[in-house]
Amino acid sequence: MKKYTSDSSGQLRVGLLLFLTLIGACVYLGFQLAPYWINAYEMKDVLAEQARTSELASDETIRAAIIEKADRLGIALTDQDIDIDRSPTAISISITWQFDYNFFGLYTHTFAFSPQATFSHQ
């Protein structure tokens, strides 16, 4: 068993404690922020699905389907947040939204998401 003398300052213990605190904070933030990125990927899938079936639907129907899915995910979208560009051979759908996240009450950051999907009708 190692004996600690008065020369041992405990720097190793403090360093380990700080490292574990940092790891814990990163894991906590990961669990807090991951759902937002998962929602962005789900919305991208919705955009791709709507783009594939766009020949059968009007812009209003596409917007309604996107807003309905966003509401279920807790994303506040309006018609102005959805951009639908049609050409004779393709459609492009994009959306944008943002949210503010407060890091431990010390710092607020605005995260912006803008998934998009394009589909060519050929």
# chains A, B, ... in the order shown; residues from 1 in each chain; ligands from 1
>>> residues_around(residues="stretch 48-50 of chain A", least_positions_apart="5", cutoff="9 Å", atoms="only C-alpha atoms", output="list of chain:residue names")
A:Met43, A:Ala57, A:Ile62, A:Ala65, A:Ile66, A:Ile93, A:Gln116, A:Ala117, A:Thr118, A:Phe119
>>> residues_around(residues="A:Asp83", least_positions_apart="2", cutoff="10 Å", atoms="only C-alpha atoms", output="ChimeraX atom specification")
/A:59,63,79-81,85-86,92-96,116
>>> select_by_dssp(residues="chain A", states="strand (DSSP E)", output="MDAnalysis selection string")
chainID A and resid 82:86 90:95 97:103 107:113 116:120
>>> write_last_selection(atoms="C-alpha atoms", output="mmCIF file, in the first residue's frame")
data_model
loop_
_atom_site.group_PDB
_atom_site.id
_atom_site.type_symbol
_atom_site.label_atom_id
_atom_site.label_comp_id
_atom_site.auth_asym_id
_atom_site.auth_seq_id
_atom_site.Cartn_x
_atom_site.Cartn_y
_atom_site.Cartn_z
ATOM 1 C CA ILE A 82 -41.387 25.901 -45.180
ATOM 2 C CA ASP A 83 -39.935 26.562 -48.631
ATOM 3 C CA ILE A 84 -41.222 24.473 -51.547
ATOM 4 C CA ASP A 85 -39.612 24.989 -54.973
ATOM 5 C CA ARG A 86 -41.097 23.101 -57.896
ATOM 6 C CA ALA A 90 -37.908 18.281 -59.627
ATOM 7 C CA ILE A 91 -39.086 19.499 -56.250
ATOM 8 C CA SER A 92 -37.043 20.852 -53.377
ATOM 9 C CA ILE A 93 -38.474 21.209 -49.865
ATOM 10 C CA SER A 94 -36.627 22.890 -47.028
ATOM 11 C CA ILE A 95 -37.584 24.033 -43.561
ATOM 12 C CA TRP A 97 -36.377 26.458 -37.177
ATOM 13 C CA GLN A 98 -34.325 27.324 -34.160
ATOM 14 C CA PHE A 99 -34.415 27.023 -30.400
ATOM 15 C CA ASP A 100 -32.530 28.528 -27.494
ATOM 16 C CA TYR A 101 -30.821 26.265 -24.977
ATOM 17 C CA ASN A 102 -29.646 27.537 -21.612
ATOM 18 C CA PHE A 103 -26.413 25.847 -20.487
ATOM 19 C CA TYR A 107 -25.029 30.757 -21.169
ATOM 20 C CA THR A 108 -27.790 30.645 -23.773
ATOM 21 C CA HIS A 109 -27.071 29.383 -27.270
ATOM 22 C CA THR A 110 -29.393 29.412 -30.286
ATOM 23 C CA PHE A 111 -29.346 26.203 -32.310
ATOM 24 C CA ALA A 112 -30.628 26.432 -35.896
ATOM 25 C CA PHE A 113 -31.792 23.517 -38.023
ATOM 26 C CA GLN A 116 -33.970 19.842 -46.900
ATOM 27 C CA ALA A 117 -34.862 17.238 -49.485
ATOM 28 C CA THR A 118 -34.851 17.227 -53.283
ATOM 29 C CA PHE A 119 -36.505 14.728 -55.603
ATOM 30 C CA SER A 120 -36.333 14.511 -59.407
#
>>> atom_distance(atom1="atom CA of A:Leu33", atom2="atom CA of A:Val14")
28.4 Å
>>> select_by_dssp(residues="chain A", states="helix (DSSP H, G or I)", output="PyMOL selection string")
chain A and resi 11-52+54-56+59-73+79-81
>>> atom_distance(atom1="atom CA of A:Gly105", atom2="atom CA of A:Leu18")
19.8 Å
>>> atom_distance(atom1="atom CA of A:Asp71", atom2="atom CA of A:Tyr28")
25.6 Å
>>> residues_around(residues="A:Glu42", least_positions_apart="4", cutoff="10 Å", atoms="only C-alpha atoms", output="list in words")
Tyr36, Trp37, Ile38, Val46, Leu47, Ala48, Lys69, Ala70, Leu73 and Pro115 of chain A
>>> closest_residue(among="A:His121, A:Thr89, A:Phe104, A:Ala64", to="A:Ala25", atoms="only C-alpha atoms")
A:Phe104
